[in-house]
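*Asks:* Contents of coords_39.cif (mmCIF, C-alpha atoms and all ligand atoms) are below:
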```cif
data_run
loop_
_atom_site.label_atom_id
_atom_site.label_comp_id
_atom_site.auth_asym_id
_atom_site.auth_seq_id
_atom_site.Cartn_x
_atom_site.Cartn_y
_atom_site.Cartn_z
CA MET A 1 20.04 2.31 12.48
CA LYS A 2 19.15 0.03 9.58
CA ASP A 3 17.99 1.65 6.33
CA ILE A 4 14.43 0.56 5.57
CA ARG A 5 15.11 0.13 1.86
CA GLU A 6 17.81 -2.36 2.76
CA LEU A 7 15.67 -3.96 5.47
CA LEU A 8 12.75 -4.44 3.08
CA GLY A 9 14.70 -4.93 -0.17
CA ILE A 10 12.88 -2.12 -1.98
CA GLU A 11 13.97 0.68 -4.31
CA TYR A 12 11.79 3.52 -2.97
CA PRO A 13 11.18 3.93 0.80
CA ILE A 14 7.46 3.97 0.19
CA ILE A 15 4.99 1.53 1.63
CA GLN A 16 1.36 1.21 0.73
CA GLY A 17 -1.40 1.62 3.30
CA GLY A 18 -3.14 -1.65 4.16
CA MET A 19 -6.57 -0.40 3.16
CA ALA A 20 -9.30 -2.88 4.11
CA ASN A 21 -11.34 -4.20 1.14
CA ILE A 22 -9.19 -2.11 -1.21
CA ALA A 23 -5.62 -3.38 -0.93
CA THR A 24 -6.04 -6.48 -3.09
CA HIS A 25 -3.32 -8.39 -4.97
CA VAL A 26 -3.85 -5.96 -7.86
CA LEU A 27 -2.87 -2.86 -5.88
CA ALA A 28 -0.22 -4.64 -3.78
CA SER A 29 1.60 -6.08 -6.81
CA ALA A 30 1.42 -2.73 -8.64
CA VAL A 31 3.09 -0.93 -5.73
CA SER A 32 5.77 -3.61 -5.35
CA ASN A 33 6.44 -3.69 -9.10
CA ALA A 34 6.79 0.13 -9.07
CA GLY A 35 9.58 -0.12 -6.47
CA GLY A 36 7.69 0.38 -3.19
CA LEU A 37 6.37 -2.16 -0.70
CA GLY A 38 2.89 -3.32 -1.67
CA LEU A 39 0.62 -4.70 1.02
CA VAL A 40 -2.34 -7.05 0.96
CA GLY A 41 -4.83 -5.48 3.38
CA ALA A 42 -6.38 -8.28 5.44
CA GLY A 43 -9.08 -6.11 7.05
CA GLY A 44 -12.60 -7.18 6.08
CA TRP A 45 -11.55 -10.63 4.83
CA ASP A 46 -11.43 -14.12 6.32
CA VAL A 47 -8.31 -16.27 6.41
CA ASP A 48 -9.00 -18.08 3.11
CA ARG A 49 -9.55 -14.86 1.18
CA VAL A 50 -6.34 -13.34 2.55
CA ARG A 51 -4.39 -16.53 1.68
CA ASP A 52 -5.77 -16.37 -1.85
CA GLU A 53 -4.77 -12.70 -2.16
CA ILE A 54 -1.24 -13.49 -0.93
CA ARG A 55 -0.84 -16.27 -3.52
CA LYS A 56 -2.18 -14.05 -6.30
CA THR A 57 0.26 -11.29 -5.30
CA GLN A 58 3.15 -13.78 -5.37
CA ALA A 59 2.12 -14.70 -8.91
CA LEU A 60 2.13 -11.06 -10.05
CA THR A 61 5.38 -9.83 -8.55
CA SER A 62 8.81 -11.22 -7.76
CA LYS A 63 9.50 -8.19 -5.56
CA PRO A 64 8.94 -7.99 -1.79
CA PHE A 65 5.43 -7.35 -0.49
CA GLY A 66 3.71 -7.62 2.87
CA VAL A 67 0.38 -8.13 4.59
CA ASN A 68 -1.42 -5.59 6.78
CA ILE A 69 -3.34 -7.22 9.61
CA MET A 70 -6.23 -5.15 10.95
CA LEU A 71 -6.24 -6.24 14.58
CA MET A 72 -9.88 -5.41 15.26
CA SER A 73 -10.84 -8.06 12.69
CA PRO A 74 -12.47 -11.22 14.12
CA HIS A 75 -10.12 -13.15 11.79
CA ALA A 76 -6.89 -11.53 13.04
CA GLU A 77 -5.73 -14.51 15.08
CA ALA A 78 -6.27 -17.07 12.32
CA ILE A 79 -4.57 -14.74 9.84
CA SER A 80 -1.64 -14.29 12.24
CA ASP A 81 -0.84 -18.04 11.86
CA MET A 82 -1.64 -18.32 8.17
CA VAL A 83 0.89 -15.60 7.22
CA ILE A 84 3.63 -17.74 8.79
CA GLU A 85 2.52 -20.81 6.83
CA GLU A 86 2.47 -18.78 3.61
CA GLY A 87 5.99 -17.45 4.13
CA VAL A 88 4.99 -13.78 4.27
CA LYS A 89 8.12 -11.65 4.77
CA VAL A 90 6.68 -8.38 6.11
CA ILE A 91 3.69 -7.62 8.33
CA THR A 92 2.23 -4.27 9.23
CA THR A 93 -0.55 -4.07 11.80
CA GLY A 94 -3.25 -1.52 12.52
CA ALA A 95 -6.14 -0.70 14.82
CA GLY A 96 -4.76 -2.44 17.88
CA ASN A 97 -1.85 -3.91 19.81
CA PRO A 98 0.10 -6.67 17.98
CA GLY A 99 2.03 -7.56 21.20
CA ILE A 100 0.57 -11.06 21.56
CA TYR A 101 1.72 -12.06 18.07
CA MET A 102 5.19 -10.50 18.09
CA GLU A 103 7.12 -13.48 19.43
CA LYS A 104 5.83 -16.03 16.93
CA TRP A 105 6.26 -13.63 13.99
CA LYS A 106 9.81 -12.77 15.00
CA LYS A 107 10.61 -16.47 15.48
CA ALA A 108 9.40 -17.07 11.93
CA GLY A 109 11.83 -14.38 10.71
CA ILE A 110 9.08 -11.94 9.69
CA ILE A 111 9.79 -8.20 9.61
CA VAL A 112 7.12 -6.62 11.83
CA ILE A 113 6.11 -2.98 11.34
CA PRO A 114 3.21 -1.92 13.57
CA VAL A 115 1.23 1.22 12.69
CA VAL A 116 1.07 3.48 15.74
CA PRO A 117 -0.75 6.74 16.47
CA SER A 118 1.15 7.92 19.59
CA VAL A 119 4.55 8.16 21.28
CA ALA A 120 3.61 5.83 24.15
CA PHE A 121 2.48 3.09 21.79
CA ALA A 122 5.57 3.57 19.61
CA LYS A 123 7.88 3.16 22.61
CA ARG A 124 6.07 0.06 23.84
CA LEU A 125 6.26 -1.69 20.46
CA ALA A 126 9.86 -0.66 19.75
CA ARG A 127 10.76 -2.25 23.10
CA GLY A 128 8.64 -5.27 22.18
CA GLY A 129 10.71 -6.06 19.07
CA ALA A 130 9.18 -4.05 16.21
CA ASP A 131 11.67 -3.78 13.32
CA ALA A 132 10.32 -0.36 12.26
CA LEU A 133 7.18 1.69 12.90
CA VAL A 134 4.65 3.33 10.65
CA VAL A 135 3.77 6.47 12.59
CA GLU A 136 0.37 7.69 11.48
CA GLY A 137 -0.97 11.19 12.04
CA THR A 138 -4.62 12.10 12.33
CA GLU A 139 -4.61 13.45 8.75
CA ALA A 140 -4.78 9.85 7.51
CA GLY A 141 -7.91 8.19 6.20
CA GLY A 142 -9.77 5.39 7.96
CA HIS A 143 -9.17 4.55 11.62
CA ILE A 144 -6.94 7.20 13.18
CA GLY A 145 -5.36 8.59 16.33
CA GLN A 146 -5.46 12.20 17.49
CA ILE A 147 -2.00 13.64 16.88
CA THR A 148 -0.93 15.39 13.68
CA THR A 149 1.83 13.94 11.51
CA PHE A 150 3.84 17.17 11.81
CA THR A 151 4.08 16.93 15.61
CA LEU A 152 4.02 13.14 16.01
CA ILE A 153 6.92 12.16 13.72
CA PRO A 154 9.70 14.12 15.45
CA GLN A 155 8.44 13.09 18.89
CA VAL A 156 8.49 9.41 17.96
CA CYS A 157 11.90 9.78 16.25
CA ASP A 158 13.26 11.18 19.52
CA ALA A 159 11.71 8.35 21.54
CA VAL A 160 12.67 5.19 19.62
CA ASN A 161 15.71 3.58 17.98
CA VAL A 162 13.96 1.89 15.08
CA PRO A 163 13.27 3.37 11.62
CA VAL A 164 10.15 5.53 11.40
CA ILE A 165 7.89 5.57 8.35
CA ALA A 166 5.58 8.60 8.28
CA ALA A 167 1.92 8.31 7.36
CA GLY A 168 -1.03 10.68 7.24
CA GLY A 169 -1.29 13.64 4.88
CA ILE A 170 1.52 12.63 2.50
CA ALA A 171 0.59 12.59 -1.18
CA ASP A 172 3.52 14.12 -3.07
CA SER A 173 7.24 14.90 -3.00
CA ARG A 174 6.74 17.85 -0.64
CA GLY A 175 5.14 15.57 1.93
CA LEU A 176 7.95 13.04 1.54
CA ASP A 177 10.58 15.77 1.96
CA ALA A 178 8.82 17.16 5.04
CA ALA A 179 8.62 13.69 6.58
CA PHE A 180 12.34 13.14 5.98
CA VAL A 181 13.25 16.50 7.49
CA LEU A 182 11.19 15.53 10.56
CA GLY A 183 13.29 12.39 10.92
CA ALA A 184 11.36 9.72 9.03
CA GLN A 185 13.14 7.22 6.75
CA GLY A 186 10.13 6.47 4.60
CA VAL A 187 6.48 7.21 3.97
CA GLN A 188 3.26 5.25 3.79
CA LEU A 189 0.76 6.28 1.11
CA GLY A 190 -2.96 5.55 1.12
CA THR A 191 -5.22 8.29 -0.19
CA VAL A 192 -3.13 9.17 -3.25
CA LEU A 193 -3.12 5.48 -4.24
CA LEU A 194 -6.92 5.42 -4.15
CA ALA A 195 -6.71 7.61 -7.24
CA SER A 196 -4.58 5.14 -9.21
CA ASP A 197 -5.48 3.11 -12.29
CA GLU A 198 -4.70 -0.09 -10.42
CA CYS A 199 -6.76 0.66 -7.31
CA PRO A 200 -9.75 -1.72 -7.47
CA ILE A 201 -12.40 0.66 -6.12
CA HIS A 202 -15.47 1.97 -7.91
CA GLU A 203 -14.87 4.94 -10.28
CA ASN A 204 -17.28 7.07 -8.19
CA TYR A 205 -14.97 6.62 -5.16
CA LYS A 206 -11.93 7.75 -7.20
CA MET A 207 -13.85 10.80 -8.46
CA LYS A 208 -14.84 11.72 -4.89
CA VAL A 209 -11.17 11.67 -3.85
CA ILE A 210 -10.15 13.77 -6.84
CA LYS A 211 -12.89 16.34 -6.27
CA ALA A 212 -12.39 16.62 -2.49
CA LYS A 213 -11.21 19.96 -1.09
CA ASP A 214 -9.17 20.52 2.05
CA THR A 215 -12.26 20.67 4.28
CA ASP A 216 -14.16 17.75 2.75
CA THR A 217 -13.20 15.01 5.23
CA VAL A 218 -14.70 14.50 8.68
CA VAL A 219 -13.97 12.14 11.57
CA THR A 220 -16.84 9.89 12.63
CA GLY A 221 -16.83 7.83 15.82
CA ARG A 222 -14.60 10.07 17.95
CA ASN A 223 -16.88 9.28 20.90
CA THR A 224 -17.38 5.56 20.21
CA GLY A 225 -13.72 4.56 20.46
CA ALA A 226 -13.28 3.99 16.73
CA PRO A 227 -12.52 7.33 15.07
CA VAL A 228 -12.61 7.00 11.28
CA ARG A 229 -11.83 9.72 8.72
CA VAL A 230 -14.11 9.71 5.67
CA ILE A 231 -15.17 12.08 2.92
CA LYS A 232 -18.31 13.94 4.07
CA ASN A 233 -21.59 12.61 2.68
CA LYS A 234 -25.10 11.58 3.73
CA MET A 235 -23.65 8.52 5.48
CA SER A 236 -21.17 10.48 7.61
CA ARG A 237 -23.93 12.89 8.65
CA LYS A 238 -26.15 9.93 9.60
CA TYR A 239 -23.29 8.29 11.49
CA LEU A 240 -22.52 11.45 13.45
CA GLU A 241 -26.20 11.81 14.30
CA MET A 242 -26.52 8.14 15.42
CA THR A 243 -23.42 8.24 17.59
CA LYS A 244 -23.97 11.70 19.04
CA TYR A 245 -24.47 10.23 22.52
CA GLY A 246 -22.11 7.26 22.06
CA ASP A 247 -24.90 4.75 22.86
CA ILE A 248 -24.45 2.35 19.96
CA GLY A 249 -23.63 -1.38 19.97
CA LEU A 250 -20.38 -2.75 18.54
CA GLU A 251 -22.15 -4.83 15.91
CA GLU A 252 -24.14 -1.88 14.67
CA LEU A 253 -20.90 0.10 14.54
CA GLU A 254 -19.15 -2.63 12.51
CA GLU A 255 -22.04 -2.67 10.04
CA LEU A 256 -21.91 1.10 9.80
CA THR A 257 -18.16 1.24 9.19
CA LEU A 258 -16.88 -1.84 7.33
CA GLY A 259 -20.33 -2.66 5.88
CA SER A 260 -20.72 0.80 4.49
CA LEU A 261 -17.09 0.89 3.29
CA ARG A 262 -18.00 -2.05 1.06
CA LYS A 263 -20.95 -0.08 -0.35
CA ALA A 264 -18.57 2.70 -1.38
CA VAL A 265 -15.82 0.40 -2.68
CA PHE A 266 -17.90 -2.06 -4.71
CA GLU A 267 -21.20 -0.34 -5.50
CA GLY A 268 -19.90 3.20 -5.79
CA ASP A 269 -22.72 4.29 -3.48
CA MET A 270 -21.53 7.78 -2.56
CA ASP A 271 -24.61 8.52 -0.39
CA ASN A 272 -24.78 5.45 1.86
CA GLY A 273 -21.18 4.31 1.56
CA SER A 274 -18.34 5.14 3.93
CA ILE A 275 -15.75 6.88 1.73
CA MET A 276 -12.58 6.47 3.79
CA ALA A 277 -9.85 8.93 2.74
CA GLY A 278 -7.32 11.23 4.35
CA GLN A 279 -6.96 15.01 4.35
CA SER A 280 -4.46 14.74 1.50
CA ALA A 281 -7.46 14.08 -0.80
CA GLY A 282 -7.34 17.85 -1.34
CA LEU A 283 -3.91 17.38 -2.94
CA VAL A 284 -4.96 14.61 -5.29
CA LYS A 285 -6.08 15.95 -8.65
CA LYS A 286 -5.97 13.13 -11.16
CA ILE A 287 -5.97 9.40 -11.65
CA ARG A 288 -2.53 8.06 -12.58
CA SER A 289 -0.77 4.73 -12.69
CA VAL A 290 0.89 3.61 -9.46
CA LYS A 291 4.26 3.82 -11.23
CA ASP A 292 3.62 7.45 -12.26
CA ILE A 293 2.65 8.35 -8.68
CA LEU A 294 5.80 6.80 -7.18
CA ASP A 295 8.19 8.03 -9.90
CA ASP A 296 6.79 11.57 -9.61
CA ILE A 297 7.36 11.68 -5.86
CA PHE A 298 11.02 10.72 -6.30
CA LYS A 299 11.69 12.78 -9.38
CA ASN A 300 10.58 15.90 -7.53
CA SER A 301 11.93 15.13 -4.07
CA ARG A 302 14.48 17.72 -2.96
CA VAL A 303 15.83 15.27 -0.38
CA TYR A 304 16.56 12.75 -3.12
CA ARG A 305 18.12 15.41 -5.34
CA GLY A 306 20.44 16.25 -2.46
CA GLU A 307 19.01 19.77 -2.06
CA LEU A 308 17.73 19.28 1.48
O1 LIG A 401 -5.72 0.86 11.18
C1 LIG A 401 -5.59 1.90 10.58
N1 LIG A 401 -6.50 2.35 9.68
C2 LIG A 401 -7.69 1.72 9.40
S1 LIG A 401 -8.21 0.23 10.00
C3 LIG A 401 -9.65 0.38 9.18
S2 LIG A 401 -10.91 -0.80 9.27
C4 LIG A 401 -11.78 -0.18 10.62
N2 LIG A 401 -12.93 0.38 10.40
C5 LIG A 401 -13.63 0.87 11.39
C6 LIG A 401 -13.18 0.84 12.70
C7 LIG A 401 -11.98 0.32 12.93
C8 LIG A 401 -11.24 -0.21 11.88
C9 LIG A 401 -9.68 1.53 8.47
N3 LIG A 401 -8.57 2.26 8.60
N4 LIG A 401 -4.50 2.66 10.77
C10 LIG A 401 -3.52 2.32 11.75
C11 LIG A 401 -3.95 2.79 13.07
N5 LIG A 401 -3.84 2.10 14.16
N6 LIG A 401 -4.52 3.96 13.34
C12 LIG A 401 -4.76 4.00 14.68
C13 LIG A 401 -4.34 2.80 15.18
C14 LIG A 401 -4.34 2.33 16.51
C15 LIG A 401 -5.33 2.70 17.39
C16 LIG A 401 -5.31 2.20 18.69
C17 LIG A 401 -3.34 1.47 16.92
C18 LIG A 401 -3.32 0.99 18.19
C19 LIG A 401 -4.30 1.37 19.07
O2 LIG A 401 -4.19 0.90 20.33
C20 LIG A 401 -5.26 0.38 21.00
C21 LIG A 401 -4.72 -0.52 22.06
O3 LIG A 401 -4.96 -1.72 21.93
O4 LIG A 401 -4.01 -0.01 22.93
#
```
Could the structure of this file be written out as structure tokens, please?
*Replies:*
Amino acid sequence: MKDIRELLGIEYPIIQGGMANIATHVLASAVSNAGGLGLVGAGGWDVDRVRDEIRKTQALTSKPFGVNIMLMSPHAEAISDMVIEEGVKVITTGAGNPGIYMEKWKKAGIIVIPVVPSVAFAKRLARGGADALVVEGTEAGGHIGQITTFTLIPQVCDAVNVPVIAAGGIADSRGLDAAFVLGAQGVQLGTVLLASDECPIHENYKMKVIKAKDTDTVVTGRNTGAPVRVIKNKMSRKYLEMTKYGDIGLEELEELTLGSLRKAVFEGDMDNGSIMAGQSAGLVKKIRSVKDILDDIFKNSRVYRGEL
């Protein structure tokens, strides 16, 4: 099986989560320059904004980077063509099935890495030509599946013949080591990167992540078909109340989720904003540079020291 560092041309087998509204050219280029794979997160943006972010990332790094396409976005199809025009080398996808785009992306020579939350989905996409998979446990922030990272990773590793990148609950070298022992070749980081100097979110959001304890996240929307993990606040309580019986329209739901994510990201509104973050927020204690976060994980990894 191909090594993902070789496949992607990166130093550390770490890829950045494609966080909607958050993963701008600033974060993506910082992760790529620090030796991982930075991603421009297309969720929440139209095709022109994503194109602009791609070009700005190209200007800030000569290292490989990719684009995450959030498939529930109304702009996903237009973005799926634009990334080919722009010469994007790596695509990750989330929140849906990328099957209809696979052929044209592969034809264009793009490395395609879907994010999957289950064994069945992993098998289907590995058969459908995925070059690797990000396998995301329910510990992750944002839109999630139901299975824990600890149980999902080895099951997917047994079921597919493509490299597996573990996501959900990983914030330090212990998480990386655990993921490798379970069979993964790399990790995807989201929550810990929220608390980085380069992450372009409001300071209040960063402080919320740093202050969060193990029990401070909650999953909204389990009964509406769009489960999303956020840090508990007034908004998450309101959301859970409004969706108690599942009788809510899709537009209202979109406004509640992506609309309120913007309130948290840009205005720092910690009452009415949707503060997406994973359970690893409890492990994140301070704001550091992206380079410090990545270097620390590798410096302390027992797998990389040859001890495991
Ligand atoms: O996509 C993510 N994380 C996200 S997307 C996002 S923006 C958003 N906000 C509110 C509602 C929906 C999206 C915030 N965080 N992670 C990857 C991921 N993909 N997690 C789960 C899935 C997934 C879920 C269902 C992938 C495929 C899938 O299949 C559905 C189908 O079409 O069979």
*Asks:* Which residues, protein or nucleic acid, reach to within 12 Å of (2.4, -12.1, -12.9) in the file's coordinates when using only C-alpha atoms, and can you give that as a list in words?
*Replies:*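 So the residues meeting the distance criterion are His25, Val26, Ser29, Ala30, Ser32, Asn33, Arg55, Lys56, Thr57, Gln58, Ala59, Leu60, Thr61, Ser62 and Lys63 of chain A.
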*Asks:* In Å, how far is it from CA of Ile110 in chain A to CA of Leu133 in chain A?
*Replies:* 14.1 Å
*Asks:* At most 8 Å is the cut-off: for each residue in chain A with any atom that close to an atom of ligand LIG 401 (chain A), write down the nearest atom pair and the distance in Å rounded to one decimal, counting all atoms listed in the file, chain first then increasing number, as a Markdown table.
*Replies:*
```
| residue | atom | partner | partner_atom | distance |
| --- | --- | --- | --- | --- |
| A:Gly18 | CA | A:LIG401 | N1 | 7.6 |
| A:Met19 | CA | A:LIG401 | N3 | 6.4 |
| A:Ala20 | CA | A:LIG401 | S2 | 5.8 |
| A:Gly43 | CA | A:LIG401 | S2 | 6.0 |
| A:Gly44 | CA | A:LIG401 | S2 | 7.3 |
| A:Met70 | CA | A:LIG401 | S1 | 5.8 |
| A:Leu71 | CA | A:LIG401 | O1 | 7.9 |
| A:Met72 | CA | A:LIG401 | C8 | 6.3 |
| A:Ser73 | CA | A:LIG401 | C8 | 7.9 |
| A:Thr93 | CA | A:LIG401 | C10 | 7.0 |
| A:Gly94 | CA | A:LIG401 | O1 | 3.7 |
| A:Ala95 | CA | A:LIG401 | N5 | 3.7 |
| A:Gly96 | CA | A:LIG401 | C18 | 3.7 |
| A:Asn97 | CA | A:LIG401 | O3 | 4.4 |
| A:Val115 | CA | A:LIG401 | C10 | 5.0 |
| A:Val116 | CA | A:LIG401 | C17 | 5.0 |
| A:Pro117 | CA | A:LIG401 | C12 | 5.2 |
| A:Phe121 | CA | A:LIG401 | C18 | 7.1 |
| A:Glu136 | CA | A:LIG401 | N6 | 6.4 |
| A:Ala140 | CA | A:LIG401 | N4 | 7.9 |
| A:Gly141 | CA | A:LIG401 | N3 | 6.4 |
| A:Gly142 | CA | A:LIG401 | N3 | 3.4 |
| A:His143 | CA | A:LIG401 | N3 | 3.8 |
| A:Ile144 | CA | A:LIG401 | N6 | 4.0 |
| A:Gly145 | CA | A:LIG401 | C12 | 4.9 |
| A:Ala226 | CA | A:LIG401 | C6 | 5.1 |
| A:Pro227 | CA | A:LIG401 | C6 | 6.9 |
| A:Val228 | CA | A:LIG401 | C5 | 6.2 |
| A:Leu253 | CA | A:LIG401 | C5 | 8.0 |
| A:Glu254 | CA | A:LIG401 | C5 | 6.6 |
| A:Thr257 | CA | A:LIG401 | C5 | 5.0 |
| A:Leu258 | CA | A:LIG401 | N2 | 5.5 |
| A:Met276 | CA | A:LIG401 | C9 | 7.4 |
```
*Asks:* Determine, counting all atoms listed in the file, which protein, DNA and RNA residues have an atom within 7 Å of an atom of Glu198 in chain A; residues of the same chain fewer than 2 positions away are not included. Present the result as a list in words.
*Replies:* Val26, Leu27, Ala30, Ser196, Pro200, Ser289 and Val290 of chain A
*Asks:* So how far away is CA of Gln155 in chain A from CA of Val135 in chain A, in Å?
*Replies:*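 Here the two named atoms are 10.3 Å from each other.
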